[in-house]
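Structure file target09.txt (compact mmCIF, C-alpha atoms) is printed below.
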# COMPACT_ATOMS: atom_id res chain seq x y z
CA MET A 1 8.10 11.36 -32.41
CA ALA A 2 8.93 7.65 -32.69
CA SER A 3 12.36 8.14 -31.12
CA GLY A 4 10.79 10.03 -28.23
CA PHE A 5 8.27 7.23 -27.69
CA PHE A 6 10.96 4.56 -27.60
CA ALA A 7 13.07 6.74 -25.29
CA LEU A 8 10.08 6.90 -22.95
CA LEU A 9 9.73 3.11 -23.06
CA ASP A 10 13.43 2.76 -22.30
CA ASP A 11 13.08 5.08 -19.28
CA ILE A 12 10.11 3.06 -18.06
CA ALA A 13 12.05 -0.21 -18.49
CA THR A 14 15.00 1.23 -16.57
CA LEU A 15 12.68 2.42 -13.82
CA MET A 16 11.08 -1.01 -13.57
CA ASP A 17 14.52 -2.67 -13.39
CA ASP A 18 15.53 -0.33 -10.58
CA VAL A 19 12.24 -0.92 -8.79
CA SER A 20 12.63 -4.70 -9.13
CA VAL A 21 16.11 -4.64 -7.58
CA MET A 22 15.03 -2.32 -4.75
CA ALA A 23 11.87 -4.35 -4.13
CA LYS A 24 13.99 -7.49 -3.66
CA VAL A 25 16.21 -5.72 -1.14
CA ALA A 26 13.23 -4.28 0.73
CA GLY A 27 11.50 -7.66 0.59
CA LYS A 28 14.48 -9.37 2.24
CA LYS A 29 14.58 -6.74 4.99
CA THR A 30 10.87 -7.12 5.73
CA ALA A 31 10.75 -10.93 5.42
CA GLY A 32 11.11 -11.46 9.16
CA ILE A 33 8.35 -9.08 10.15
CA LEU A 34 6.13 -10.51 7.39
CA GLY A 35 6.65 -13.93 8.94
CA ASP A 36 5.53 -12.59 12.29
CA ASP A 37 2.60 -10.83 10.63
CA LEU A 38 1.58 -14.17 9.12
CA ALA A 39 1.90 -16.03 12.42
CA VAL A 40 0.01 -13.40 14.42
CA ASN A 41 -2.84 -13.08 11.94
CA ALA A 42 -3.19 -16.84 11.47
CA GLU A 43 -3.80 -17.07 15.22
CA LYS A 44 -6.18 -14.10 15.31
CA ALA A 45 -8.18 -15.30 12.30
CA SER A 46 -8.78 -18.72 13.86
CA GLY A 47 -11.14 -19.64 16.67
CA PHE A 48 -14.38 -18.70 14.91
CA MET A 49 -17.30 -20.79 13.80
CA SER A 50 -16.39 -22.47 10.52
CA ASP A 51 -18.81 -20.45 8.39
CA ARG A 52 -17.52 -17.16 9.84
CA GLU A 53 -13.77 -17.64 9.32
CA ILE A 54 -13.59 -16.26 5.77
CA PRO A 55 -16.02 -13.32 6.37
CA VAL A 56 -14.02 -12.36 9.49
CA LEU A 57 -10.75 -12.68 7.59
CA TRP A 58 -12.16 -10.44 4.85
CA LYS A 59 -13.06 -7.79 7.47
CA ILE A 60 -9.51 -7.92 8.83
CA THR A 61 -8.07 -7.72 5.31
CA LYS A 62 -10.11 -4.60 4.53
CA GLY A 63 -8.93 -3.10 7.82
CA SER A 64 -5.35 -3.92 6.88
CA LEU A 65 -5.72 -2.19 3.51
CA LEU A 66 -7.13 0.88 5.26
CA ASN A 67 -4.16 0.82 7.63
CA LYS A 68 -1.79 0.93 4.66
CA VAL A 69 -3.72 3.80 3.07
CA ILE A 70 -3.31 5.79 6.29
CA ILE A 71 0.33 4.91 6.95
CA LEU A 72 1.85 5.18 3.44
CA PRO A 73 1.36 8.93 2.79
CA ILE A 74 2.50 9.82 6.32
CA ALA A 75 5.64 7.69 5.86
CA PHE A 76 6.44 9.31 2.49
CA LEU A 77 5.99 12.82 3.91
CA LEU A 78 8.31 12.03 6.82
CA SER A 79 10.88 10.53 4.47
CA ALA A 80 10.79 13.63 2.27
CA PHE A 81 10.77 16.35 4.96
CA VAL A 82 11.88 14.77 8.26
CA PRO A 83 14.04 11.74 7.33
CA ILE A 84 15.47 11.43 10.85
CA ALA A 85 11.93 10.55 11.98
CA ILE A 86 12.17 7.30 10.01
CA THR A 87 15.12 6.15 12.11
CA VAL A 88 13.43 7.25 15.34
CA ILE A 89 10.25 5.32 14.44
CA LEU A 90 12.35 2.29 13.51
CA ILE A 91 14.08 2.31 16.91
CA ILE A 92 10.78 2.74 18.77
CA GLY A 93 9.23 -0.05 16.71
CA GLY A 94 12.29 -2.22 17.36
CA LEU A 95 11.81 -1.75 21.11
CA TYR A 96 8.17 -2.82 20.77
CA LEU A 97 9.02 -5.89 18.68
CA ALA A 98 11.81 -6.93 21.06
CA TYR A 99 9.44 -6.51 24.02
CA GLU A 100 6.74 -8.59 22.31
CA GLY A 101 9.23 -11.37 21.58
CA ALA A 102 10.51 -11.37 25.17
CA GLU A 103 6.94 -11.39 26.49
CA LYS A 104 6.08 -14.45 24.40
CA ILE A 105 9.15 -16.28 25.71
CA TYR A 106 8.29 -15.32 29.28
CA GLU A 107 4.69 -16.52 28.91
CA TYR A 108 5.92 -19.83 27.49
CA PHE A 109 8.43 -20.64 30.25
CA VAL A 110 6.92 -18.94 33.31
CA PRO A 111 3.61 -20.26 34.68
CA HIS A 112 0.97 -17.54 34.94
CA THR A 113 -2.71 -17.34 35.60
CA HIS A 114 -5.19 -17.02 32.75
CA GLU A 115 -8.58 -15.44 32.62
CA GLU A 116 -11.49 -17.67 33.48
CA GLU A 117 -12.50 -19.84 30.55
CA LYS A 118 -15.44 -18.49 28.60
CA PRO A 119 -18.22 -20.68 27.21
CA ALA A 120 -17.48 -22.52 23.98
CA LEU A 121 -18.57 -20.70 20.82
CA GLN A 122 -21.43 -23.11 20.15
CA ASN A 123 -22.85 -22.39 23.60
CA ARG A 124 -22.92 -18.60 23.20
CA SER A 125 -25.89 -16.50 22.22
CA GLU A 126 -26.00 -14.70 18.89
CA GLU A 127 -25.32 -11.37 20.63
CA GLU A 128 -22.27 -12.84 22.38
CA LEU A 129 -20.94 -14.25 19.12
CA VAL A 130 -21.32 -10.87 17.37
CA ALA A 131 -19.55 -9.08 20.24
CA TYR A 132 -16.78 -11.71 20.29
CA GLU A 133 -16.28 -11.36 16.54
CA LYS A 134 -16.12 -7.55 16.70
CA GLU A 135 -13.62 -7.70 19.55
CA LYS A 136 -11.35 -10.14 17.71
CA VAL A 137 -11.53 -8.17 14.45
CA LYS A 138 -10.74 -4.89 16.25
CA SER A 139 -7.78 -6.50 18.02
CA ALA A 140 -6.48 -8.01 14.77
CA ILE A 141 -6.71 -4.70 12.89
CA LEU A 142 -4.91 -2.85 15.70
CA THR A 143 -2.10 -5.43 15.72
CA ASP A 144 -1.95 -5.22 11.93
CA PHE A 145 -1.57 -1.43 12.18
CA ILE A 146 1.46 -1.74 14.46
CA LEU A 147 3.06 -4.40 12.27
CA SER A 148 2.20 -2.44 9.11
CA VAL A 149 4.02 0.63 10.46
CA GLU A 150 7.14 -1.48 10.96
CA ILE A 151 6.87 -3.19 7.56
CA ILE A 152 6.48 0.13 5.73
CA ILE A 153 9.19 1.93 7.70
CA ILE A 154 11.64 -0.96 7.26
CA ALA A 155 10.89 -1.07 3.53
CA LEU A 156 11.25 2.71 3.34
CA GLY A 157 14.52 2.52 5.22
CA ALA A 158 15.82 0.08 2.58
CA VAL A 159 15.29 2.65 -0.21
CA THR A 160 16.23 5.83 1.66
CA GLY A 161 18.26 8.07 -0.64
CA GLU A 162 16.49 6.86 -3.77
CA GLU A 163 14.25 9.11 -5.84
CA LEU A 164 10.84 9.71 -4.28
CA VAL A 165 8.97 8.03 -7.14
CA ASN A 166 11.05 4.87 -6.64
CA GLN A 167 10.40 4.95 -2.91
CA ILE A 168 6.66 5.26 -3.48
CA ILE A 169 6.52 2.38 -5.98
CA VAL A 170 8.75 -0.01 -3.99
CA VAL A 171 7.16 0.61 -0.58
CA SER A 172 3.65 0.43 -2.06
CA ILE A 173 4.50 -2.95 -3.62
CA ILE A 174 5.78 -4.25 -0.27
CA ALA A 175 2.67 -2.92 1.48
CA LEU A 176 0.38 -4.62 -1.05
CA VAL A 177 2.26 -7.92 -0.75
CA ALA A 178 2.10 -7.61 3.04
CA THR A 179 -1.69 -7.53 2.82
CA VAL A 180 -2.63 -9.72 -0.15
CA GLY A 181 0.14 -12.27 0.33
CA VAL A 182 -0.10 -12.61 4.10
CA TYR A 183 -3.89 -12.76 4.31
CA GLY A 184 -4.09 -15.04 1.30
CA ILE A 185 -1.85 -17.55 3.08
CA VAL A 186 -3.77 -17.05 6.32
CA ALA A 187 -7.01 -17.90 4.47
CA LEU A 188 -5.46 -21.17 3.28
CA ILE A 189 -4.21 -21.99 6.78
CA VAL A 190 -7.46 -21.36 8.65
CA ARG A 191 -9.42 -23.44 6.11
CA MET A 192 -6.94 -26.30 6.16
CA ASP A 193 -9.04 -28.39 8.54
CA GLU A 194 -12.24 -27.68 6.58
CA PHE A 195 -10.60 -28.85 3.36
CA GLY A 196 -9.31 -31.91 5.20
CA ALA A 197 -12.83 -32.75 6.42
CA LYS A 198 -14.14 -32.53 2.85
CA LEU A 199 -11.45 -34.93 1.68
CA ILE A 200 -12.39 -37.38 4.44
CA ASN A 201 -16.04 -37.25 3.35
CA LEU A 202 -15.16 -37.44 -0.33
CA ASN A 203 -16.03 -41.14 -0.53
CA GLU A 204 -17.39 -43.90 1.65
CA GLU A 205 -14.23 -45.99 1.57
CA ASP A 206 -12.26 -46.41 4.78
CA ASP A 207 -8.57 -45.61 4.90
CA SER A 208 -8.53 -44.26 1.34
CA PHE A 209 -5.86 -41.88 0.07
CA SER A 210 -8.22 -38.91 0.44
CA ASP A 211 -8.95 -39.99 4.02
CA LYS A 212 -5.25 -40.07 4.86
CA VAL A 213 -4.62 -36.64 3.33
CA GLY A 214 -7.73 -35.22 5.03
CA ILE A 215 -6.78 -36.58 8.45
CA PHE A 216 -3.26 -35.21 7.98
CA LEU A 217 -4.58 -31.72 7.19
CA VAL A 218 -7.01 -31.73 10.13
CA ASN A 219 -4.30 -32.84 12.56
CA ALA A 220 -1.71 -30.50 11.05
CA LEU A 221 -3.62 -27.23 11.54
CA PRO A 222 -2.92 -26.71 15.29
CA LYS A 223 0.71 -27.75 14.77
CA VAL A 224 1.10 -25.31 11.87
CA ILE A 225 -0.30 -22.42 13.91
CA LYS A 226 1.94 -23.34 16.87
CA GLY A 227 4.94 -23.60 14.57
CA LEU A 228 4.18 -20.23 13.04
CA SER A 229 3.97 -18.77 16.54
CA ILE A 230 7.47 -20.05 17.35
CA ILE A 231 8.86 -18.83 14.04
CA GLY A 232 7.13 -15.51 14.55
CA THR A 233 8.71 -15.06 17.99
CA ILE A 234 12.18 -15.71 16.60
CA ALA A 235 11.42 -13.34 13.72
CA LEU A 236 10.43 -10.61 16.18
CA LEU A 237 13.80 -10.84 17.93
CA LEU A 238 15.79 -11.03 14.70
CA VAL A 239 14.01 -8.07 13.12
CA SER A 240 14.31 -5.92 16.24
CA GLY A 241 17.98 -6.82 16.69
CA GLY A 242 18.63 -6.00 13.04
CA ILE A 243 17.00 -2.60 13.49
CA PHE A 244 19.30 -1.76 16.42
CA ARG A 245 22.43 -3.09 14.69
CA HIS A 246 21.85 -1.23 11.43
CA ASN A 247 20.61 2.08 12.86
CA LEU A 248 22.73 2.61 15.98
CA HIS A 249 26.41 3.12 15.16
CA VAL A 250 27.58 2.18 18.66
CA VAL A 251 25.75 -1.14 18.49
CA HIS A 252 26.93 -1.77 14.92
CA ASP A 253 30.57 -1.23 15.90
CA LEU A 254 30.19 -3.42 18.99
CA PHE A 255 28.87 -6.39 17.00
CA HIS A 256 30.81 -5.71 13.79
CA SER A 257 32.70 -9.02 13.85
CA TRP A 258 29.74 -11.15 14.95
CA PRO A 259 27.68 -13.30 12.55
CA GLY A 260 24.70 -11.13 11.61
CA MET A 261 21.91 -13.51 12.64
CA LEU A 262 23.51 -14.35 15.99
CA ALA A 263 24.09 -10.66 16.78
CA ASP A 264 20.51 -9.76 15.85
CA LEU A 265 19.04 -12.56 17.96
CA LEU A 266 21.17 -11.70 21.00
CA LEU A 267 20.39 -7.98 20.68
CA GLY A 268 16.67 -8.70 20.36
CA LEU A 269 16.73 -10.94 23.42
CA VAL A 270 18.71 -8.56 25.65
CA VAL A 271 16.83 -5.40 24.67
CA GLY A 272 13.50 -7.24 24.74
CA PHE A 273 13.93 -8.49 28.31
CA VAL A 274 15.25 -5.11 29.50
CA VAL A 275 12.13 -3.41 28.12
CA PHE A 276 9.95 -6.24 29.45
CA LEU A 277 11.36 -5.87 32.98
CA ILE A 278 10.90 -2.09 32.87
CA ILE A 279 7.26 -2.45 31.77
CA MET A 280 6.55 -5.18 34.33
CA GLY A 281 8.10 -3.02 37.06
CA GLY A 282 6.04 -0.03 35.93
CA LYS A 283 2.85 -2.08 36.04
CA LYS A 284 3.57 -3.17 39.61
CA ILE A 285 4.40 0.38 40.74
CA PHE A 286 1.36 2.00 39.15
CA LYS A 287 -1.05 -0.89 39.69
CA PRO A 288 -4.12 0.48 41.50
CA GLU A 289 -4.62 -0.96 44.94
CA SER A 290 -7.60 -3.27 45.26
CA ALA A 291 -10.36 -2.09 47.51
As a first step, turn the structure in this file into structure tokens.
Amino acid sequence: MASGFFALLDDIATLMDDVSVMAKVAGKKTAGILGDDLAVNAEKASGFMSDREIPVLWKITKGSLLNKVIILPIAFLLSAFVPIAITVILIIGGLYLAYEGAEKIYEYFVPHTHEEEKPALQNRSEEELVAYEKEKVKSAILTDFILSVEIIIIALGAVTGEELVNQIIVVSIIALVATVGVYGIVALIVRMDEFGAKLINLNEEDDSFSDKVGIFLVNALPKVIKGLSIIGTIALLLVSGGIFRHNLHVVHDLFHSWPGMLADLLLGLVVGFVVFLIIMGGKKIFKPESA
């Protein structure tokens, strides 16, 4: 009985070691898309009244968890019964990520018209604020769903061929980290200016250490969000390029001798702008004529 118990413990320890190694590999493969997830959600969780930032972020977090609950079992079933579907979904997701990265670059360099400015939040009615909040939360959860599909499929692709129980544990860990870790950091980012304001008001002294730190945090928030946006755009292109290079043999052979990061970035850029031009052309062709 005792020997059987210790044998069971040994099996569990071995399983955990295997899971730890596979989780590290899957974590590295999803790091880029997690960076984009962080950048996107930091932007979407900002722009609310100060006292609504955390409640809104909590709504988005719950939506993200629900997304994972929906996606995980479907991904495991596909992996078990239709494994080729994983590669197909990866390629489709790679096209979307490349397009999104190209679109961000286009919007940055090419002047384009924006929608008419809406009234500032403090000048809106309560009904307008509620509608605005619902719209932003819905948009954030939808974006999270798309990114979650890619995170889970990429993580699943990293453990393809492993036992099903290992796949379930590893991918579930990555999915949990993608929600708790990302939204935990987002919460810290969106409250950075609030914490800075509290430090400034901590004492009545002028130019104190707390004042300097507080002013730094308040001024740093927009720069942090902008920096994350840039990093996120690069991450989109790198992740998408990596998907093409690792899942399409022709592409892999073509860029076999190239440095991995350079090949991924170039692939993401080229494919992204090809898809972007196709979509832009389609919009112009099928755009309804104005009356």
Expressed in Å, the length from atom CA of Ser229 of chain A to atom CA of Tyr108 of chain A is 11.2 Å
task = Give as a PyMOL selection string every residue, naming chains and numbers as the document does, that has an atom within 9 Å of (-1.8, -9.7, 3.6), counting all atoms listed in the file.
result = chain A and resi 34+37-38+61+64-65+175-186
Q) Near segment 132-134 of chain A, counting all atoms listed in the file, which residues have an atom at most 9 Å away, once you skip same-chain residues fewer than 5 positions from it, shown as a PyMOL selection string? A) chain A and resi 48+52+56+127+139
Work out how far atom CA of Ala235 of chain A is from atom CA of Lys59 of chain A, in Å to one decimal.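 Pair atom CA of Lys59 of chain A / atom CA of Ala235 of chain A returns 25.9 Å.
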Q) Closest to Ala85 of chain A among A:Gly232, A:Gly227, A:Gly157, A:Gly281, using only C-alpha atoms? A)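 Of all the options, A:Gly157 lies closest to Ala85 of chain A.
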Provide the atom CA of Ala187 of chain A to atom CA of Leu199 of chain A distance in Å, to one decimal place.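 Answer for the atom CA of Ala187 of chain A to atom CA of Leu199 of chain A separation: 17.8 Å.
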- request: Show which residues sit within 7 Å of Ala102 of chain A, as a VMD selection string. Count only C-alpha atoms, and ignore same-chain residues fewer than 5 positions away.
  value: chain A and resid 269 272 to 273 276
For those residues, write C-alpha atoms to a file as a compact mmCIF listing (two decimals), in the coordinates of the input.
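result.txt was written with the following content:
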# COMPACT_ATOMS: atom_id res chain seq x y z
CA LEU A 269 16.73 -10.94 23.42
CA GLY A 272 13.50 -7.24 24.74
CA PHE A 273 13.93 -8.49 28.31
CA PHE A 276 9.95 -6.24 29.45
For Thr143 of chain A, the closest of A:Leu217, A:Met192, A:Ile70, A:Leu97 counting all atoms listed in the file is A:Leu97
| request: Considering all atoms listed in the file, return as a list in words whatever protein or nucleic-acid residues lie within 8 Å of segment 237-243 of chain A, sequence-local ones (same chain, fewer than 3 positions apart) excluded. | output: Gly32, Ile33, Leu90, Ile91, Gly93, Gly94, Leu95, Leu97, Ala98, Gly101, Ala102, Thr233, Ile234, His246, Asn247, Met261, Ala263, Asp264, Leu265, Leu266, Leu267, Gly268, Leu269 and Gly272 of chain A
Would you mind completing segment 54-89 of chain A so that it carries N, CA and C atoms, and writing it out as a short mmCIF file (atom, residue, chain, number, x, y, z; two decimals), in the frame of the given file?
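Final file, rebuild11.cif:
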data_model
loop_
_atom_site.label_atom_id
_atom_site.label_comp_id
_atom_site.auth_asym_id
_atom_site.auth_seq_id
_atom_site.Cartn_x
_atom_site.Cartn_y
_atom_site.Cartn_z
N ILE A 54 -13.92 -17.05 6.96
CA ILE A 54 -13.59 -16.26 5.77
C ILE A 54 -14.20 -14.86 5.84
N PRO A 55 -15.49 -14.68 6.22
CA PRO A 55 -16.02 -13.32 6.37
C PRO A 55 -15.22 -12.48 7.38
N VAL A 56 -14.81 -13.09 8.49
CA VAL A 56 -14.02 -12.36 9.49
C VAL A 56 -12.65 -12.00 8.90
N LEU A 57 -12.05 -12.93 8.20
CA LEU A 57 -10.75 -12.68 7.59
C LEU A 57 -10.85 -11.55 6.56
N TRP A 58 -11.95 -11.49 5.83
CA TRP A 58 -12.16 -10.44 4.85
C TRP A 58 -12.28 -9.07 5.55
N LYS A 59 -12.96 -9.04 6.70
CA LYS A 59 -13.06 -7.79 7.47
C LYS A 59 -11.67 -7.33 7.91
N ILE A 60 -10.86 -8.27 8.38
CA ILE A 60 -9.51 -7.92 8.83
C ILE A 60 -8.66 -7.45 7.65
N THR A 61 -8.82 -8.11 6.50
CA THR A 61 -8.07 -7.72 5.31
C THR A 61 -8.41 -6.30 4.88
N LYS A 62 -9.70 -5.96 4.89
CA LYS A 62 -10.11 -4.60 4.53
C LYS A 62 -9.55 -3.60 5.54
N GLY A 63 -9.53 -3.97 6.81
CA GLY A 63 -8.93 -3.10 7.82
C GLY A 63 -7.45 -2.92 7.59
N SER A 64 -6.78 -3.99 7.16
CA SER A 64 -5.35 -3.92 6.88
C SER A 64 -5.07 -2.99 5.70
N LEU A 65 -5.89 -3.08 4.67
CA LEU A 65 -5.72 -2.19 3.51
C LEU A 65 -5.91 -0.73 3.92
N LEU A 66 -6.90 -0.48 4.77
CA LEU A 66 -7.13 0.88 5.26
C LEU A 66 -5.93 1.36 6.08
N ASN A 67 -5.36 0.46 6.88
CA ASN A 67 -4.16 0.82 7.63
C ASN A 67 -3.05 1.29 6.70
N LYS A 68 -2.85 0.57 5.60
CA LYS A 68 -1.79 0.93 4.66
C LYS A 68 -2.08 2.28 4.01
N VAL A 69 -3.34 2.53 3.68
CA VAL A 69 -3.72 3.80 3.07
C VAL A 69 -3.41 4.96 4.01
N ILE A 70 -3.59 4.75 5.30
CA ILE A 70 -3.31 5.79 6.29
C ILE A 70 -1.80 5.97 6.49
N ILE A 71 -1.08 4.86 6.59
CA ILE A 71 0.33 4.91 6.95
C ILE A 71 1.22 5.37 5.80
N LEU A 72 0.96 4.91 4.57
CA LEU A 72 1.85 5.18 3.44
C LEU A 72 2.11 6.68 3.21
N PRO A 73 1.07 7.51 3.05
CA PRO A 73 1.36 8.93 2.79
C PRO A 73 2.12 9.61 3.93
N ILE A 74 1.80 9.24 5.18
CA ILE A 74 2.50 9.82 6.32
C ILE A 74 3.98 9.43 6.27
N ALA A 75 4.25 8.17 5.94
CA ALA A 75 5.64 7.69 5.86
C ALA A 75 6.40 8.41 4.75
N PHE A 76 5.78 8.62 3.60
CA PHE A 76 6.44 9.31 2.49
C PHE A 76 6.73 10.77 2.83
N LEU A 77 5.80 11.42 3.51
CA LEU A 77 5.99 12.82 3.91
C LEU A 77 7.15 12.94 4.91
N LEU A 78 7.21 12.01 5.86
CA LEU A 78 8.31 12.03 6.82
C LEU A 78 9.64 11.78 6.13
N SER A 79 9.65 10.84 5.19
CA SER A 79 10.88 10.53 4.47
C SER A 79 11.37 11.73 3.67
N ALA A 80 10.43 12.49 3.11
CA ALA A 80 10.79 13.63 2.27
C ALA A 80 11.22 14.85 3.08
N PHE A 81 10.56 15.10 4.23
CA PHE A 81 10.77 16.35 4.96
C PHE A 81 11.44 16.17 6.32
N VAL A 82 11.25 15.01 6.95
CA VAL A 82 11.88 14.77 8.26
C VAL A 82 12.47 13.36 8.26
N PRO A 83 13.51 13.11 7.46
CA PRO A 83 14.04 11.74 7.33
C PRO A 83 14.52 11.13 8.63
N ILE A 84 15.01 11.97 9.57
CA ILE A 84 15.47 11.43 10.85
C ILE A 84 14.33 10.74 11.59
N ALA A 85 13.09 11.15 11.31
CA ALA A 85 11.93 10.55 11.98
C ALA A 85 11.80 9.08 11.63
N ILE A 86 12.24 8.71 10.42
CA ILE A 86 12.17 7.30 10.01
C ILE A 86 13.02 6.44 10.94
N THR A 87 14.24 6.90 11.22
CA THR A 87 15.12 6.15 12.11
C THR A 87 14.55 6.08 13.52
N VAL A 88 14.01 7.21 13.99
CA VAL A 88 13.43 7.25 15.34
C VAL A 88 12.27 6.25 15.45
N ILE A 89 11.40 6.25 14.43
CA ILE A 89 10.25 5.32 14.44
C ILE A 89 10.73 3.88 14.37
#
